[in-house]
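Chemist: So I've got this file, input.tsv, and it contains TSV, N, CA and C atoms:
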```tsv
chain	number	residue	atom	x	y	z
A	1	MET	N	-22.07	21.81	-59.54
A	1	MET	CA	-21.38	20.61	-59.11
A	1	MET	C	-21.65	20.37	-57.63
A	2	GLY	N	-21.77	19.12	-57.31
A	2	GLY	CA	-21.94	18.78	-55.91
A	2	GLY	C	-20.61	18.78	-55.19
A	3	MET	N	-20.67	18.72	-53.87
A	3	MET	CA	-19.44	18.72	-53.06
A	3	MET	C	-18.56	17.52	-53.36
A	4	ARG	N	-19.19	16.38	-53.64
A	4	ARG	CA	-18.42	15.18	-53.92
A	4	ARG	C	-17.62	15.34	-55.20
A	5	LYS	N	-18.25	15.89	-56.23
A	5	LYS	CA	-17.56	16.08	-57.51
A	5	LYS	C	-16.42	17.09	-57.36
A	6	ILE	N	-16.65	18.14	-56.57
A	6	ILE	CA	-15.60	19.14	-56.36
A	6	ILE	C	-14.41	18.51	-55.64
A	7	ALA	N	-14.67	17.68	-54.66
A	7	ALA	CA	-13.58	17.02	-53.93
A	7	ALA	C	-12.81	16.08	-54.85
A	8	ILE	N	-13.52	15.34	-55.69
A	8	ILE	CA	-12.85	14.41	-56.61
A	8	ILE	C	-12.00	15.18	-57.61
A	9	VAL	N	-12.52	16.25	-58.15
A	9	VAL	CA	-11.77	17.07	-59.10
A	9	VAL	C	-10.53	17.66	-58.43
A	10	ALA	N	-10.67	18.11	-57.19
A	10	ALA	CA	-9.52	18.69	-56.47
A	10	ALA	C	-8.44	17.64	-56.24
A	11	LEU	N	-8.83	16.42	-55.86
A	11	LEU	CA	-7.85	15.35	-55.66
A	11	LEU	C	-7.16	14.98	-56.97
A	12	ILE	N	-7.90	14.92	-58.04
A	12	ILE	CA	-7.29	14.61	-59.34
A	12	ILE	C	-6.32	15.71	-59.74
A	13	ALA	N	-6.71	16.97	-59.49
A	13	ALA	CA	-5.83	18.10	-59.82
A	13	ALA	C	-4.54	18.03	-59.01
A	14	LEU	N	-4.65	17.69	-57.74
A	14	LEU	CA	-3.45	17.56	-56.92
A	14	LEU	C	-2.56	16.43	-57.41
A	15	ALA	N	-3.16	15.32	-57.78
A	15	ALA	CA	-2.38	14.19	-58.29
A	15	ALA	C	-1.73	14.55	-59.62
A	16	TRP	N	-2.45	15.32	-60.46
A	16	TRP	CA	-1.92	15.71	-61.76
A	16	TRP	C	-0.71	16.63	-61.62
A	17	VAL	N	-0.77	17.54	-60.65
A	17	VAL	CA	0.31	18.49	-60.42
A	17	VAL	C	1.53	17.77	-59.83
A	18	GLY	N	1.28	16.68	-59.16
A	18	GLY	CA	2.38	15.93	-58.59
A	18	GLY	C	2.57	16.17	-57.11
A	19	ALA	N	1.63	16.82	-56.45
A	19	ALA	CA	1.73	17.04	-55.01
A	19	ALA	C	1.55	15.71	-54.29
A	20	PRO	N	2.40	15.40	-53.34
A	20	PRO	CA	2.25	14.13	-52.63
A	20	PRO	C	1.02	14.14	-51.74
A	21	LEU	N	0.22	13.07	-51.82
A	21	LEU	CA	-0.97	12.98	-50.99
A	21	LEU	C	-0.65	12.38	-49.63
A	22	GLU	N	0.36	11.53	-49.56
A	22	GLU	CA	0.74	10.91	-48.30
A	22	GLU	C	2.22	11.14	-48.05
A	23	GLN	N	2.53	11.29	-46.80
A	23	GLN	CA	3.93	11.38	-46.42
A	23	GLN	C	4.46	9.98	-46.19
A	24	GLY	N	5.65	9.71	-46.63
A	24	GLY	CA	6.24	8.39	-46.44
A	24	GLY	C	6.66	8.19	-44.99
A	25	VAL	N	6.71	6.94	-44.60
A	25	VAL	CA	7.14	6.59	-43.25
A	25	VAL	C	8.46	5.84	-43.36
A	26	SER	N	9.42	6.25	-42.60
A	26	SER	CA	10.72	5.60	-42.61
A	26	SER	C	10.81	4.64	-41.44
A	27	PHE	N	11.21	3.43	-41.73
A	27	PHE	CA	11.38	2.43	-40.68
A	27	PHE	C	12.85	2.19	-40.36
A	28	ALA	N	13.70	3.08	-40.81
A	28	ALA	CA	15.12	2.94	-40.55
A	28	ALA	C	15.39	3.18	-39.07
A	29	GLN	N	16.33	2.44	-38.55
A	29	GLN	CA	16.68	2.58	-37.14
A	29	GLN	C	17.98	3.35	-37.02
A	30	ALA	N	18.05	4.13	-36.00
A	30	ALA	CA	19.27	4.89	-35.74
A	30	ALA	C	20.33	3.96	-35.16
A	31	ALA	N	21.55	4.37	-35.31
A	31	ALA	CA	22.65	3.60	-34.75
A	31	ALA	C	22.54	3.60	-33.22
A	32	PRO	N	22.96	2.53	-32.55
A	32	PRO	CA	22.84	2.50	-31.09
A	32	PRO	C	23.53	3.66	-30.39
A	33	GLY	N	24.61	4.15	-30.92
A	33	GLY	CA	25.32	5.27	-30.31
A	33	GLY	C	24.57	6.58	-30.45
A	34	ALA	N	23.66	6.64	-31.43
A	34	ALA	CA	22.92	7.88	-31.66
A	34	ALA	C	21.72	8.02	-30.75
A	35	MET	N	21.37	6.97	-30.05
A	35	MET	CA	20.21	7.03	-29.16
A	35	MET	C	20.54	7.87	-27.94
A	36	ALA	N	19.54	8.56	-27.43
A	36	ALA	CA	19.75	9.39	-26.25
A	36	ALA	C	19.96	8.49	-25.03
A	37	THR	N	20.88	8.88	-24.19
A	37	THR	CA	21.13	8.10	-22.98
A	37	THR	C	20.14	8.54	-21.91
A	38	GLU	N	19.72	7.59	-21.12
A	38	GLU	CA	18.73	7.86	-20.10
A	38	GLU	C	19.42	8.33	-18.82
A	39	ALA	N	18.80	9.28	-18.14
A	39	ALA	CA	19.34	9.80	-16.89
A	39	ALA	C	19.28	8.71	-15.82
A	40	MET	N	20.35	8.57	-15.08
A	40	MET	CA	20.44	7.53	-14.06
A	40	MET	C	20.58	8.18	-12.68
A	41	ALA	N	20.23	7.42	-11.67
A	41	ALA	CA	20.29	7.92	-10.30
A	41	ALA	C	21.73	8.21	-9.86
A	42	SER	N	22.68	7.52	-10.44
A	42	SER	CA	24.08	7.73	-10.05
A	42	SER	C	24.59	9.11	-10.45
A	43	SER	N	23.90	9.76	-11.39
A	43	SER	CA	24.35	11.07	-11.84
A	43	SER	C	23.85	12.21	-10.95
A	44	LEU	N	23.08	11.87	-9.92
A	44	LEU	CA	22.51	12.90	-9.04
A	44	LEU	C	23.50	13.30	-7.95
A	45	SER	N	23.40	14.56	-7.54
A	45	SER	CA	24.21	15.03	-6.42
A	45	SER	C	23.57	14.53	-5.12
A	46	PRO	N	24.30	14.57	-4.01
A	46	PRO	CA	23.71	14.14	-2.74
A	46	PRO	C	22.44	14.91	-2.37
A	47	ALA	N	22.40	16.20	-2.66
A	47	ALA	CA	21.19	16.98	-2.35
A	47	ALA	C	20.02	16.52	-3.22
A	48	ASP	N	20.31	16.21	-4.49
A	48	ASP	CA	19.26	15.72	-5.38
A	48	ASP	C	18.76	14.34	-4.95
A	49	LYS	N	19.68	13.53	-4.45
A	49	LYS	CA	19.29	12.20	-3.96
A	49	LYS	C	18.38	12.33	-2.73
A	50	ASP	N	18.69	13.29	-1.86
A	50	ASP	CA	17.83	13.53	-0.69
A	50	ASP	C	16.44	14.00	-1.13
A	51	ALA	N	16.41	14.90	-2.12
A	51	ALA	CA	15.13	15.40	-2.63
A	51	ALA	C	14.35	14.26	-3.28
A	52	LEU	N	15.05	13.36	-3.98
A	52	LEU	CA	14.39	12.22	-4.60
A	52	LEU	C	13.84	11.27	-3.54
A	53	MET	N	14.59	11.07	-2.47
A	53	MET	CA	14.12	10.21	-1.38
A	53	MET	C	12.86	10.80	-0.74
A	54	ASN	N	12.83	12.13	-0.56
A	54	ASN	CA	11.64	12.79	-0.01
A	54	ASN	C	10.45	12.65	-0.96
A	55	LYS	N	10.72	12.78	-2.25
A	55	LYS	CA	9.65	12.64	-3.24
A	55	LYS	C	9.06	11.23	-3.20
A	56	LEU	N	9.93	10.23	-3.10
A	56	LEU	CA	9.47	8.84	-3.03
A	56	LEU	C	8.69	8.58	-1.73
A	57	ALA	N	9.17	9.16	-0.63
A	57	ALA	CA	8.47	8.97	0.65
A	57	ALA	C	7.08	9.60	0.62
A	58	GLU	N	6.98	10.78	0.02
A	58	GLU	CA	5.68	11.44	-0.10
A	58	GLU	C	4.73	10.64	-1.00
A	59	ALA	N	5.27	10.09	-2.07
A	59	ALA	CA	4.44	9.29	-2.98
A	59	ALA	C	3.97	8.02	-2.29
A	60	LYS	N	4.85	7.41	-1.49
A	60	LYS	CA	4.47	6.20	-0.75
A	60	LYS	C	3.38	6.52	0.27
A	61	LYS	N	3.52	7.65	0.95
A	61	LYS	CA	2.51	8.07	1.93
A	61	LYS	C	1.17	8.33	1.24
A	62	HIS	N	1.21	9.00	0.10
A	62	HIS	CA	-0.01	9.29	-0.65
A	62	HIS	C	-0.69	7.99	-1.10
A	63	ASP	N	0.10	7.05	-1.60
A	63	ASP	CA	-0.48	5.79	-2.08
A	63	ASP	C	-1.08	4.98	-0.95
A	64	LYS	N	-0.47	5.03	0.23
A	64	LYS	CA	-1.04	4.32	1.38
A	64	LYS	C	-2.39	4.92	1.77
A	65	ILE	N	-2.47	6.25	1.74
A	65	ILE	CA	-3.73	6.93	2.06
A	65	ILE	C	-4.78	6.61	0.99
A	66	ALA	N	-4.38	6.65	-0.26
A	66	ALA	CA	-5.31	6.35	-1.35
A	66	ALA	C	-5.79	4.91	-1.27
A	67	ARG	N	-4.88	3.99	-0.93
A	67	ARG	CA	-5.26	2.58	-0.81
A	67	ARG	C	-6.28	2.40	0.30
A	68	ALA	N	-6.09	3.08	1.42
A	68	ALA	CA	-7.02	2.96	2.53
A	68	ALA	C	-8.38	3.57	2.18
A	69	GLY	N	-8.38	4.58	1.34
A	69	GLY	CA	-9.62	5.23	0.96
A	69	GLY	C	-10.48	4.41	0.03
A	70	TRP	N	-9.87	3.49	-0.70
A	70	TRP	CA	-10.60	2.65	-1.65
A	70	TRP	C	-10.53	1.19	-1.22
A	71	SER	N	-10.68	0.95	0.09
A	71	SER	CA	-10.46	-0.38	0.65
A	71	SER	C	-11.48	-1.41	0.17
A	72	GLN	N	-12.64	-0.99	-0.34
A	72	GLN	CA	-13.64	-1.95	-0.77
A	72	GLN	C	-13.39	-2.45	-2.19
A	73	GLU	N	-12.41	-1.91	-2.90
A	73	GLU	CA	-12.13	-2.31	-4.27
A	73	GLU	C	-10.81	-3.08	-4.31
A	74	PRO	N	-10.86	-4.41	-4.41
A	74	PRO	CA	-9.65	-5.22	-4.34
A	74	PRO	C	-8.66	-4.95	-5.48
A	75	LEU	N	-9.14	-4.68	-6.69
A	75	LEU	CA	-8.22	-4.42	-7.79
A	75	LEU	C	-7.47	-3.12	-7.60
A	76	THR	N	-8.16	-2.12	-7.08
A	76	THR	CA	-7.50	-0.85	-6.80
A	76	THR	C	-6.48	-1.02	-5.68
A	77	GLN	N	-6.84	-1.79	-4.66
A	77	GLN	CA	-5.90	-2.06	-3.57
A	77	GLN	C	-4.65	-2.75	-4.10
A	78	ALA	N	-4.84	-3.73	-4.97
A	78	ALA	CA	-3.69	-4.47	-5.52
A	78	ALA	C	-2.80	-3.55	-6.35
A	79	THR	N	-3.41	-2.64	-7.08
A	79	THR	CA	-2.63	-1.70	-7.88
A	79	THR	C	-1.79	-0.79	-6.98
A	80	TYR	N	-2.41	-0.29	-5.91
A	80	TYR	CA	-1.65	0.55	-4.98
A	80	TYR	C	-0.60	-0.25	-4.23
A	81	ASP	N	-0.88	-1.50	-3.89
A	81	ASP	CA	0.13	-2.35	-3.26
A	81	ASP	C	1.35	-2.50	-4.15
A	82	LYS	N	1.10	-2.72	-5.44
A	82	LYS	CA	2.21	-2.86	-6.39
A	82	LYS	C	3.01	-1.57	-6.49
A	83	LYS	N	2.32	-0.43	-6.54
A	83	LYS	CA	3.02	0.85	-6.59
A	83	LYS	C	3.85	1.09	-5.33
A	84	ILE	N	3.28	0.77	-4.18
A	84	ILE	CA	4.01	0.95	-2.92
A	84	ILE	C	5.25	0.08	-2.91
A	85	ASP	N	5.14	-1.15	-3.40
A	85	ASP	CA	6.31	-2.05	-3.46
A	85	ASP	C	7.38	-1.49	-4.41
A	86	GLU	N	6.96	-0.94	-5.55
A	86	GLU	CA	7.91	-0.34	-6.49
A	86	GLU	C	8.65	0.82	-5.83
A	87	ILE	N	7.92	1.65	-5.10
A	87	ILE	CA	8.53	2.80	-4.43
A	87	ILE	C	9.50	2.32	-3.35
A	88	LYS	N	9.11	1.29	-2.58
A	88	LYS	CA	10.01	0.74	-1.56
A	88	LYS	C	11.30	0.21	-2.20
A	89	ASP	N	11.17	-0.48	-3.33
A	89	ASP	CA	12.35	-1.01	-4.02
A	89	ASP	C	13.28	0.12	-4.46
A	90	LEU	N	12.70	1.18	-5.02
A	90	LEU	CA	13.52	2.31	-5.46
A	90	LEU	C	14.20	3.00	-4.29
A	91	MET	N	13.47	3.12	-3.17
A	91	MET	CA	14.07	3.73	-1.98
A	91	MET	C	15.23	2.88	-1.46
A	92	ALA	N	15.06	1.56	-1.47
A	92	ALA	CA	16.13	0.67	-1.03
A	92	ALA	C	17.34	0.77	-1.95
A	93	LYS	N	17.10	0.84	-3.26
A	93	LYS	CA	18.21	0.98	-4.21
A	93	LYS	C	18.94	2.30	-4.00
A	94	LEU	N	18.18	3.35	-3.77
A	94	LEU	CA	18.79	4.67	-3.56
A	94	LEU	C	19.63	4.68	-2.29
A	95	LYS	N	19.13	4.05	-1.21
A	95	LYS	CA	19.88	4.00	0.05
A	95	LYS	C	21.16	3.18	-0.09
A	96	SER	N	21.08	2.09	-0.86
A	96	SER	CA	22.25	1.21	-0.98
A	96	SER	C	23.22	1.65	-2.07
A	97	GLY	N	22.84	2.68	-2.83
A	97	GLY	CA	23.75	3.19	-3.85
A	97	GLY	C	23.64	2.48	-5.19
A	98	GLN	N	22.64	1.63	-5.36
A	98	GLN	CA	22.46	0.96	-6.65
A	98	GLN	C	21.95	1.96	-7.68
A	99	ASP	N	22.31	1.71	-8.93
A	99	ASP	CA	21.91	2.61	-9.99
A	99	ASP	C	20.61	2.14	-10.63
A	100	PHE	N	19.78	3.09	-11.02
A	100	PHE	CA	18.53	2.79	-11.72
A	100	PHE	C	18.15	4.02	-12.54
A	101	PRO	N	17.37	3.82	-13.61
A	101	PRO	CA	16.98	4.97	-14.43
A	101	PRO	C	15.96	5.84	-13.70
A	102	LEU	N	16.06	7.13	-13.90
A	102	LEU	CA	15.14	8.06	-13.24
A	102	LEU	C	13.72	7.95	-13.81
A	103	SER	N	13.59	7.35	-14.98
A	103	SER	CA	12.25	7.13	-15.53
A	103	SER	C	11.46	6.15	-14.66
A	104	ALA	N	12.16	5.27	-13.94
A	104	ALA	CA	11.50	4.34	-13.03
A	104	ALA	C	10.84	5.11	-11.88
A	105	VAL	N	11.44	6.21	-11.47
A	105	VAL	CA	10.86	7.05	-10.41
A	105	VAL	C	9.58	7.69	-10.94
A	106	ASP	N	9.64	8.23	-12.15
A	106	ASP	CA	8.45	8.85	-12.72
A	106	ASP	C	7.31	7.85	-12.84
A	107	LYS	N	7.64	6.63	-13.24
A	107	LYS	CA	6.62	5.59	-13.38
A	107	LYS	C	6.05	5.21	-12.01
A	108	ALA	N	6.89	5.09	-11.01
A	108	ALA	CA	6.43	4.68	-9.68
A	108	ALA	C	5.60	5.77	-9.00
A	109	VAL	N	5.91	7.03	-9.26
A	109	VAL	CA	5.22	8.13	-8.62
A	109	VAL	C	3.91	8.49	-9.35
A	110	ALA	N	3.79	8.12	-10.61
A	110	ALA	CA	2.61	8.47	-11.40
A	110	ALA	C	1.36	7.76	-10.86
A	111	SER	N	0.25	8.38	-11.12
A	111	SER	CA	-1.04	7.81	-10.68
A	111	SER	C	-1.31	6.51	-11.44
A	112	PRO	N	-1.82	5.50	-10.76
A	112	PRO	CA	-2.12	4.23	-11.43
A	112	PRO	C	-3.39	4.30	-12.26
A	113	HIS	N	-4.16	5.35	-12.10
A	113	HIS	CA	-5.44	5.54	-12.80
A	113	HIS	C	-6.40	4.39	-12.55
A	114	SER	N	-6.31	3.81	-11.37
A	114	SER	CA	-7.25	2.74	-11.04
A	114	SER	C	-8.34	3.22	-10.11
A	115	ALA	N	-8.12	4.35	-9.46
A	115	ALA	CA	-9.14	4.93	-8.60
A	115	ALA	C	-9.96	5.93	-9.42
A	116	PRO	N	-11.21	6.11	-9.09
A	116	PRO	CA	-12.07	6.99	-9.90
A	116	PRO	C	-11.89	8.47	-9.64
A	117	TYR	N	-10.74	8.89	-9.13
A	117	TYR	CA	-10.53	10.33	-8.95
A	117	TYR	C	-9.41	10.82	-9.81
```
Could the structure of this file be written out as structure tokens, please?

Modeler:
Amino acid sequence: MGMRKIAIVALIALAWVGAPLEQGVSFAQAAPGAMATEAMASSLSPADKDALMNKLAEAKKHDKIARAGWSQEPLTQATYDKKIDEIKDLMAKLKSGQDFPLSAVDKAVASPHSAPY
């Protein structure tokens, strides 16, 4: 028997035995109360807020250096400008005591993947 015939026979045998070939997908949604709550900046201690401010300042400094290093590429510059503005907004919110999700910090600090490094 060739490999194709063996594979066909094996699939038929599995179907005959009743083994499921595909797993079902459920599109049911969880109740809103069952969803995980997102960590917010208001839940941080003062020391954690200071550490977060330092992290944002370092990311802003890094992005300014990266932007200057790729000055001949306008799209990369624009991407870094947008990231720097996002970081400035988060720093202003943190200073003024406004609440925001900590996932916004992760997004703002992450690499834009627009530079070739």

Chemist: Counting only C-alpha atoms, which of A:Ala66, A:Ala59, A:Ile84, A:Ala39 gets nearest to Val109 (chain A)?

Modeler: A:Ala59

Chemist: How far is it from atom N of Ala57 (chain A) to atom N of Pro74 (chain A), in Å with one decimal?

Modeler: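 Those two atoms sit 24.5 Å apart.
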
Chemist: If I take atom C of Asp89 (chain A) and atom N of Ser43 (chain A), how far is one from the other in Å, to one decimal?

Modeler: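 Atom-to-atom, atom C of Asp89 (chain A) to atom N of Ser43 (chain A), that is 15.9 Å.
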
Chemist: In Å to one decimal, how far is CA of Lys83 (chain A) from atom C of Lys64 (chain A)?

Modeler: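 Interatomic distance, atom C of Lys64 (chain A) to CA of Lys83 (chain A): 10.8 Å.
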
Chemist: From the list A:Arg67, A:Ser42, A:Thr76, A:Leu56, which residue is nearest Gln98 (chain A) when using all atoms listed in the file?

Modeler: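 Nearest candidate to Gln98 (chain A) out of A:Arg67, A:Ser42, A:Thr76, A:Leu56: A:Ser42.
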